[in-house]
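What follows is the content of query_30.cif (mmCIF, C-alpha atoms).
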```cif
data_upload
#
loop_
_atom_site.group_PDB
_atom_site.id
_atom_site.type_symbol
_atom_site.label_atom_id
_atom_site.label_comp_id
_atom_site.auth_asym_id
_atom_site.auth_seq_id
_atom_site.Cartn_x
_atom_site.Cartn_y
_atom_site.Cartn_z
ATOM 1 C CA MET E 1372 -4.441 3.547 -21.463
ATOM 2 C CA THR E 1373 -2.319 6.716 -21.513
ATOM 3 C CA PRO E 1374 0.369 7.373 -18.877
ATOM 4 C CA ASP E 1375 -1.828 10.056 -17.293
ATOM 5 C CA GLU E 1376 -4.745 7.608 -17.086
ATOM 6 C CA VAL E 1377 -2.543 4.959 -15.461
ATOM 7 C CA PHE E 1378 -1.329 7.463 -12.873
ATOM 8 C CA ARG E 1379 -4.838 8.750 -12.164
ATOM 9 C CA ARG E 1380 -6.606 5.389 -11.928
ATOM 10 C CA LEU E 1381 -3.903 3.816 -9.785
ATOM 11 C CA SER E 1382 -3.947 6.781 -7.382
ATOM 12 C CA CYS E 1383 -7.739 6.823 -7.124
ATOM 13 C CA THR E 1384 -7.851 3.070 -6.523
ATOM 14 C CA LEU E 1385 -5.354 3.259 -3.651
ATOM 15 C CA ALA E 1386 -7.290 5.914 -1.708
ATOM 16 C CA GLY E 1387 -9.515 4.165 0.830
ATOM 17 C CA THR E 1388 -10.014 1.579 3.558
ATOM 18 C CA PHE E 1389 -9.550 -2.093 2.669
ATOM 19 C CA GLN E 1390 -10.207 -5.358 4.501
ATOM 20 C CA ASN E 1391 -9.908 -9.103 3.789
ATOM 21 C CA ARG E 1392 -12.937 -10.372 5.714
ATOM 22 C CA ASP E 1393 -14.041 -12.907 3.072
ATOM 23 C CA GLN E 1394 -10.553 -14.353 2.734
ATOM 24 C CA ALA E 1395 -10.106 -14.647 6.504
ATOM 25 C CA LEU E 1396 -13.455 -16.419 6.901
ATOM 26 C CA ALA E 1397 -12.684 -18.834 4.070
ATOM 27 C CA ASP E 1398 -9.148 -19.670 5.248
ATOM 28 C CA PRO E 1399 -8.656 -18.589 8.886
ATOM 29 C CA VAL E 1400 -5.640 -20.821 9.430
ATOM 30 C CA TRP E 1401 -3.444 -18.766 7.106
ATOM 31 C CA TYR E 1402 -5.123 -15.360 6.924
ATOM 32 C CA VAL E 1403 -6.016 -13.052 9.795
ATOM 33 C CA HIS E 1404 -8.807 -10.546 9.314
ATOM 34 C CA PHE E 1405 -7.368 -7.020 9.218
ATOM 35 C CA ARG E 1406 -8.003 -3.565 7.828
ATOM 36 C CA LEU E 1407 -5.628 -1.414 5.826
ATOM 37 C CA TRP E 1408 -6.041 2.356 5.732
ATOM 38 C CA SER E 1409 -4.546 4.273 2.805
ATOM 39 C CA TYR E 1410 -5.124 7.987 3.332
ATOM 40 C CA PRO E 1411 -4.049 10.657 0.787
ATOM 41 C CA THR E 1412 -1.508 13.201 2.027
ATOM 42 C CA GLN E 1413 0.035 16.374 0.612
ATOM 43 C CA LEU E 1414 3.730 15.689 0.072
ATOM 44 C CA PHE E 1415 6.290 16.036 -2.720
ATOM 45 C CA ALA E 1416 5.542 17.657 -6.088
ATOM 46 C CA GLU E 1417 2.573 17.721 -8.424
ATOM 47 C CA ASP E 1418 3.860 14.742 -10.402
ATOM 48 C CA SER E 1419 3.157 12.402 -7.497
ATOM 49 C CA VAL E 1420 0.507 11.403 -4.960
ATOM 50 C CA THR E 1421 1.333 10.096 -1.488
ATOM 51 C CA PHE E 1422 -0.607 7.945 0.949
ATOM 52 C CA PHE E 1423 -0.191 7.335 4.673
ATOM 53 C CA LEU E 1424 -0.699 3.600 5.271
ATOM 54 C CA GLU E 1425 -1.277 1.650 8.463
ATOM 55 C CA GLN E 1426 -3.157 -1.500 9.374
ATOM 56 C CA ALA E 1427 -4.710 -3.282 12.350
ATOM 57 C CA SER E 1428 -6.613 -6.411 13.250
ATOM 58 C CA ALA E 1429 -10.348 -6.260 12.564
ATOM 59 C CA GLY E 1430 -11.064 -9.191 14.860
ATOM 60 C CA PHE E 1431 -9.979 -7.624 18.153
ATOM 61 C CA LYS E 1432 -9.034 -4.202 19.446
ATOM 62 C CA GLN E 1433 -5.518 -3.360 18.387
ATOM 63 C CA ALA E 1434 -3.534 -0.187 17.801
ATOM 64 C CA PRO E 1435 -2.631 0.369 14.141
ATOM 65 C CA TYR E 1436 0.859 -0.735 13.122
ATOM 66 C CA ARG E 1437 3.175 -0.761 10.071
ATOM 67 C CA GLN E 1438 2.913 2.988 9.517
ATOM 68 C CA ARG E 1439 4.544 3.891 6.186
ATOM 69 C CA ILE E 1440 4.260 6.232 3.231
ATOM 70 C CA LEU E 1441 3.499 5.103 -0.311
ATOM 71 C CA ARG E 1442 4.380 7.530 -3.100
ATOM 72 C CA VAL E 1443 2.922 7.107 -6.595
ATOM 73 C CA GLN E 1444 4.909 8.965 -9.245
ATOM 74 C CA ARG E 1445 3.866 9.816 -12.784
ATOM 75 C CA THR E 1446 6.327 8.500 -15.390
ATOM 76 C CA ALA E 1447 6.614 8.632 -19.160
ATOM 77 C CA THR E 1448 5.053 5.174 -19.380
ATOM 78 C CA GLY E 1449 2.533 5.411 -16.538
ATOM 79 C CA ALA E 1450 3.576 5.203 -12.897
ATOM 80 C CA SER E 1451 6.099 3.894 -10.398
ATOM 81 C CA VAL E 1452 5.766 3.617 -6.632
ATOM 82 C CA GLU E 1453 8.123 3.978 -3.691
ATOM 83 C CA TYR E 1454 7.788 3.323 0.041
ATOM 84 C CA TYR E 1455 9.158 5.483 2.849
ATOM 85 C CA GLY E 1456 9.428 4.802 6.541
ATOM 86 C CA LEU E 1457 8.768 7.343 9.287
ATOM 87 C CA LYS E 1458 11.482 8.599 11.624
ATOM 88 C CA ASP E 1459 9.032 8.400 14.522
ATOM 89 C CA ALA E 1460 6.330 5.935 13.491
ATOM 90 C CA SER E 1461 4.831 5.793 17.000
ATOM 91 C CA PHE E 1462 4.079 9.525 16.873
ATOM 92 C CA TRP E 1463 1.875 9.007 13.801
ATOM 93 C CA GLN E 1464 0.180 5.840 15.062
ATOM 94 C CA GLY E 1465 -3.587 6.021 14.460
ATOM 95 C CA ALA E 1466 -3.352 9.094 12.228
ATOM 96 C CA THR E 1467 -5.776 7.612 9.689
ATOM 97 C CA GLN E 1468 -8.446 7.683 12.405
ATOM 98 C CA THR E 1469 -7.829 11.402 13.026
ATOM 99 C CA PRO E 1470 -6.572 12.459 9.583
ATOM 100 C CA GLU E 1471 -6.365 16.151 10.447
ATOM 101 C CA ARG E 1472 -3.099 15.180 12.152
ATOM 102 C CA LEU E 1473 -1.628 14.369 8.748
ATOM 103 C CA ARG E 1474 -1.704 18.034 7.751
ATOM 104 C CA ALA E 1475 1.442 18.440 9.829
ATOM 105 C CA LEU E 1476 3.257 15.561 8.077
ATOM 106 C CA ALA E 1477 6.319 16.848 6.203
ATOM 107 C CA ILE E 1478 9.011 15.359 4.005
ATOM 108 C CA ASN E 1479 11.492 15.761 6.888
ATOM 109 C CA ASP E 1480 9.408 13.250 8.868
ATOM 110 C CA LEU E 1481 10.106 10.521 6.315
ATOM 111 C CA GLN E 1482 12.865 7.921 6.371
ATOM 112 C CA PRO E 1483 14.139 6.817 2.930
ATOM 113 C CA LEU E 1484 14.283 3.039 2.529
ATOM 114 C CA VAL E 1485 16.859 1.064 0.562
ATOM 115 C CA LYS E 1486 15.460 -0.721 -2.506
ATOM 116 C CA SER E 1487 11.859 0.360 -1.895
ATOM 117 C CA GLN E 1488 11.053 1.323 -5.515
ATOM 118 C CA LEU E 1489 8.500 -0.760 -7.424
ATOM 119 C CA GLN E 1490 7.730 -0.712 -11.133
ATOM 120 C CA VAL E 1491 4.076 -0.784 -12.191
ATOM 121 C CA THR E 1492 2.695 -2.951 -14.973
ATOM 122 C CA THR E 1493 -0.881 -2.494 -16.165
ATOM 123 C CA VAL E 1494 -3.013 -5.492 -17.142
ATOM 124 C CA THR E 1495 -6.623 -5.097 -18.320
ATOM 125 C CA ALA E 1496 -8.821 -8.191 -18.392
ATOM 126 C CA GLY E 1497 -12.591 -8.524 -18.260
ATOM 127 C CA ASP E 1498 -14.131 -5.739 -16.200
ATOM 128 C CA THR E 1499 -10.996 -4.830 -14.190
ATOM 129 C CA THR E 1500 -7.639 -3.157 -14.631
ATOM 130 C CA ARG E 1501 -4.854 -4.545 -12.479
ATOM 131 C CA PHE E 1502 -1.866 -2.381 -11.556
ATOM 132 C CA GLU E 1503 0.920 -4.788 -10.587
ATOM 133 C CA ALA E 1504 3.680 -3.148 -8.513
ATOM 134 C CA ARG E 1505 6.865 -5.199 -8.178
ATOM 135 C CA GLN E 1506 10.482 -4.794 -7.122
ATOM 136 C CA LEU E 1507 13.194 -5.826 -9.520
ATOM 137 C CA PRO E 1508 13.920 -9.582 -9.290
ATOM 138 C CA GLY E 1509 16.019 -10.430 -6.234
ATOM 139 C CA GLU E 1510 15.591 -7.029 -4.573
ATOM 140 C CA ARG E 1511 14.358 -6.591 -1.002
ATOM 141 C CA CYS E 1512 13.656 -3.441 0.926
ATOM 142 C CA GLN E 1513 16.052 -2.859 3.831
ATOM 143 C CA PHE E 1514 15.621 -0.941 7.067
ATOM 144 C CA VAL E 1515 17.064 -1.011 10.580
ATOM 145 C CA VAL E 1516 15.090 -1.678 13.788
ATOM 146 C CA ASN E 1517 16.971 -1.502 17.109
ATOM 147 C CA GLY E 1518 20.270 -1.893 15.289
ATOM 148 C CA GLU E 1519 19.133 -4.972 13.339
ATOM 149 C CA THR E 1520 18.717 -4.888 9.544
ATOM 150 C CA LYS E 1521 15.355 -6.145 8.342
ATOM 151 C CA PHE E 1522 14.534 -7.355 4.827
ATOM 152 C CA VAL E 1523 11.097 -7.112 3.222
ATOM 153 C CA GLU E 1524 9.949 -8.187 -0.209
ATOM 154 C CA LEU E 1525 7.384 -5.609 -1.339
ATOM 155 C CA ALA E 1526 4.664 -6.117 -3.925
ATOM 156 C CA PHE E 1527 1.005 -5.344 -4.455
ATOM 157 C CA ASP E 1528 -1.795 -5.382 -7.004
ATOM 158 C CA ALA E 1529 -4.243 -2.484 -7.055
ATOM 159 C CA ILE E 1530 -7.355 -3.695 -8.858
ATOM 160 C CA ALA E 1531 -9.698 -1.118 -10.381
ATOM 161 C CA PRO E 1532 -13.142 -2.130 -11.702
ATOM 162 C CA GLN E 1533 -14.441 -0.609 -14.914
ATOM 163 C CA PRO E 1534 -16.930 2.263 -14.405
ATOM 164 C CA ASN E 1535 -19.962 0.092 -15.235
ATOM 165 C CA SER E 1536 -18.795 -2.880 -13.149
ATOM 166 C CA GLN E 1537 -20.485 -4.106 -9.966
ATOM 167 C CA SER E 1538 -17.133 -5.160 -8.522
ATOM 168 C CA SER E 1539 -15.314 -3.338 -5.738
ATOM 169 C CA ALA E 1540 -11.765 -2.042 -5.969
ATOM 170 C CA ALA E 1541 -9.193 -4.250 -4.272
ATOM 171 C CA PHE E 1542 -5.657 -4.238 -2.916
ATOM 172 C CA TRP E 1543 -3.743 -7.529 -2.970
ATOM 173 C CA MET E 1544 -0.732 -7.289 -0.664
ATOM 174 C CA TYR E 1545 2.226 -9.636 -1.185
ATOM 175 C CA ASP E 1546 4.637 -8.126 1.394
ATOM 176 C CA ARG E 1547 6.857 -10.705 3.111
ATOM 177 C CA GLY E 1548 9.515 -10.290 5.790
ATOM 178 C CA PHE E 1549 12.654 -12.455 5.599
ATOM 179 C CA ASP E 1550 15.065 -13.752 8.200
ATOM 180 C CA ALA E 1551 18.481 -12.309 7.387
ATOM 181 C CA ALA E 1552 20.364 -15.508 8.271
ATOM 182 C CA SER E 1553 18.143 -18.274 6.876
ATOM 183 C CA GLU E 1554 16.647 -16.280 3.959
ATOM 184 C CA LYS E 1555 13.262 -17.802 4.856
ATOM 185 C CA PRO E 1556 10.043 -15.737 4.980
ATOM 186 C CA THR E 1557 8.916 -15.150 8.562
ATOM 187 C CA TRP E 1558 5.772 -13.013 8.244
ATOM 188 C CA GLY E 1559 3.348 -11.580 5.732
ATOM 189 C CA ALA E 1560 1.939 -13.189 2.606
ATOM 190 C CA VAL E 1561 3.777 -16.486 3.035
ATOM 191 C CA HIS E 1562 0.858 -18.486 1.562
ATOM 192 C CA GLY E 1563 -0.186 -16.019 -1.112
ATOM 193 C CA PRO E 1564 -1.425 -12.427 -1.165
ATOM 194 C CA PHE E 1565 -3.755 -10.859 1.358
ATOM 195 C CA LYS E 1566 -6.806 -10.035 -0.775
ATOM 196 C CA LEU E 1567 -8.289 -6.847 0.609
ATOM 197 C CA ILE E 1568 -11.498 -5.289 -0.727
ATOM 198 C CA LYS E 1569 -12.150 -1.550 -0.589
ATOM 199 C CA ILE E 1570 -14.909 -0.795 1.947
ATOM 200 C CA ALA E 1571 -14.522 3.007 2.115
ATOM 201 C CA ASP E 1572 -13.445 5.321 -0.685
ATOM 202 C CA TRP E 1573 -11.283 8.383 -0.037
ATOM 203 C CA SER E 1574 -10.594 9.284 -3.666
ATOM 204 C CA GLU E 1575 -12.567 12.528 -3.255
ATOM 205 C CA LYS E 1576 -9.550 13.755 -1.255
ATOM 206 C CA LEU E 1577 -7.584 13.808 -4.516
ATOM 207 C CA SER E 1578 -8.341 16.525 -7.061
ATOM 208 C CA LEU E 1579 -7.299 14.293 -9.971
ATOM 209 C CA CYS E 1580 -10.117 11.832 -9.118
ATOM 210 C CA GLY E 1581 -12.893 14.394 -9.516
#
```
Could you write out this file's structure as structure tokens?
Amino acid sequence: MTPDEVFRRLSCTLAGTFQNRDQALADPVWYVHFRLWSYPTQLFAEDSVTFFLEQASAGFKQAPYRQRILRVQRTATGASVEYYGLKDASFWQGATQTPERLRALAINDLQPLVKSQLQVTTVTAGDTTRFEARQLPGERCQFVVNGETKFVELAFDAIAPQPNSQSSAAFWMYDRGFDAASEKPTWGAVHGPFKLIKIADWSEKLSLCG
């Protein structure tokens, strides 16, 4: 797969709505049922694609949370990804439900995050291509909430089926938050990744997916 193909297929796979209903039904003790929205936005230069991400419970009415920006950048070997926070996340809450609001989103609205870059490795097996995004070993993303530094280990797999496959695209999320004092994980994929399946495709919003 060429670097341009890696960049294109990863970007197209990420555009959509995902949920982990099957996983939550099979193992409700450890996995809540939630939806993740990943909506394409127009930010940065032509060598990258950005997505506005947020998530919410699918089991009961809940306002979306964890608003963040995911940037996919074209590289000489394929792609890398980077997360950004939002200076006023509450202002953008629910923007994936009314995406016209995202037209006003600008780079000045973003908050750079320490150690939020992930390298992408491509693995093709059977009828899927898996894009594995990982931080360097030992790294954790850092950000400040109410004066307190938070640490998050970021990782995901974006799984793209082959064109003739009957499988759905998927997003496996490994994000875990850590207690700064004890170094123990306190939330997120403590018992393994959240395995979300794409239930709505927004790749038509990206010209490179046409």
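Applied to the shown file, the PyMOL selection byres ((chain E and resi 1572) around 12) selects the residues Ser1382, Cys1383, Thr1384, Leu1385, Ala1386, Gly1387, Thr1388, Phe1389, Trp1408, Ser1409, Tyr1410, Pro1411, Ser1539, Ala1540, Ala1541, Ile1568, Lys1569, Ile1570, Ala1571, Trp1573, Ser1574, Glu1575, Lys1576, Leu1577 and Cys1580 of chain E.
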Subject >> Using only C-alpha atoms: which of E:Leu1441, E:Val1523, E:Ala1434, E:Ala1460 has the shortest distance to E:Lys1486 >> reply: E:Val1523
Original post:
From the set E:Phe1502, E:Tyr1402, E:Phe1565, E:Phe1549, which residue has the shortest atom-to-atom contact distance to E:Phe1378, counting only C-alpha atoms?
Top reply: E:Phe1502
**OP:** Would you list the contacts of E:Ser1538 as an MDAnalysis selection string, taking every protein, DNA or RNA residue within 10 Å and counting all atoms listed in the file, but skipping same-chain residues closer than 6 positions in sequence?
**Re:** chainID E and resid 1498:1499 1530:1532 1568
Original post:
Of the candidates E:Gln1438, E:Thr1373, E:Gln1394, E:Gln1426, which shows the shortest atom-to-atom distance to E:Lys1566, using all atoms listed in the file?
Top reply: E:Gln1394
Original post:
Just how far from atom CA of E:Gln1413 is atom CA of E:Ala1477, in Å to one decimal?
Top reply: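 These atoms are spaced 8.4 Å apart.
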Starting from the incomplete input, reconstruct N, CA and C atoms of stretch 1415-1430 of chain E and report them as a short mmCIF file (atom, residue, chain, number, x, y, z; two decimals), keeping the file's coordinate frame.
```cif
data_model
loop_
_atom_site.label_atom_id
_atom_site.label_comp_id
_atom_site.auth_asym_id
_atom_site.auth_seq_id
_atom_site.Cartn_x
_atom_site.Cartn_y
_atom_site.Cartn_z
N PHE E 1415 5.56 16.06 -1.45
CA PHE E 1415 6.29 16.04 -2.72
C PHE E 1415 5.67 16.98 -3.75
N ALA E 1416 5.94 16.73 -5.03
CA ALA E 1416 5.54 17.66 -6.09
C ALA E 1416 4.24 17.22 -6.75
N GLU E 1417 3.85 17.99 -7.76
CA GLU E 1417 2.57 17.72 -8.42
C GLU E 1417 2.59 16.47 -9.29
N ASP E 1418 3.78 15.94 -9.57
CA ASP E 1418 3.86 14.74 -10.40
C ASP E 1418 3.73 13.47 -9.59
N SER E 1419 3.31 13.59 -8.32
CA SER E 1419 3.16 12.40 -7.50
C SER E 1419 2.02 12.57 -6.50
N VAL E 1420 1.53 11.45 -6.00
CA VAL E 1420 0.51 11.40 -4.96
C VAL E 1420 1.04 10.51 -3.86
N THR E 1421 0.84 10.90 -2.60
CA THR E 1421 1.33 10.10 -1.49
C THR E 1421 0.18 9.66 -0.59
N PHE E 1422 0.39 8.51 0.05
CA PHE E 1422 -0.61 7.94 0.95
C PHE E 1422 0.07 7.55 2.26
N PHE E 1423 -0.61 7.82 3.36
CA PHE E 1423 -0.19 7.34 4.67
C PHE E 1423 -0.90 6.01 4.90
N LEU E 1424 -0.14 4.93 5.09
CA LEU E 1424 -0.70 3.60 5.27
C LEU E 1424 -0.45 3.10 6.68
N GLU E 1425 -1.44 2.43 7.24
CA GLU E 1425 -1.28 1.65 8.46
C GLU E 1425 -2.36 0.58 8.49
N GLN E 1426 -2.21 -0.39 9.34
CA GLN E 1426 -3.16 -1.50 9.37
C GLN E 1426 -3.36 -1.98 10.80
N ALA E 1427 -4.42 -2.75 11.02
CA ALA E 1427 -4.71 -3.28 12.35
C ALA E 1427 -5.68 -4.44 12.22
N SER E 1428 -5.68 -5.29 13.21
CA SER E 1428 -6.61 -6.41 13.25
C SER E 1428 -8.05 -5.90 13.26
N ALA E 1429 -8.92 -6.58 12.53
CA ALA E 1429 -10.35 -6.26 12.56
C ALA E 1429 -11.10 -7.19 13.50
N GLY E 1430 -10.41 -8.21 14.01
CA GLY E 1430 -11.06 -9.19 14.86
C GLY E 1430 -11.02 -8.86 16.33
#
```
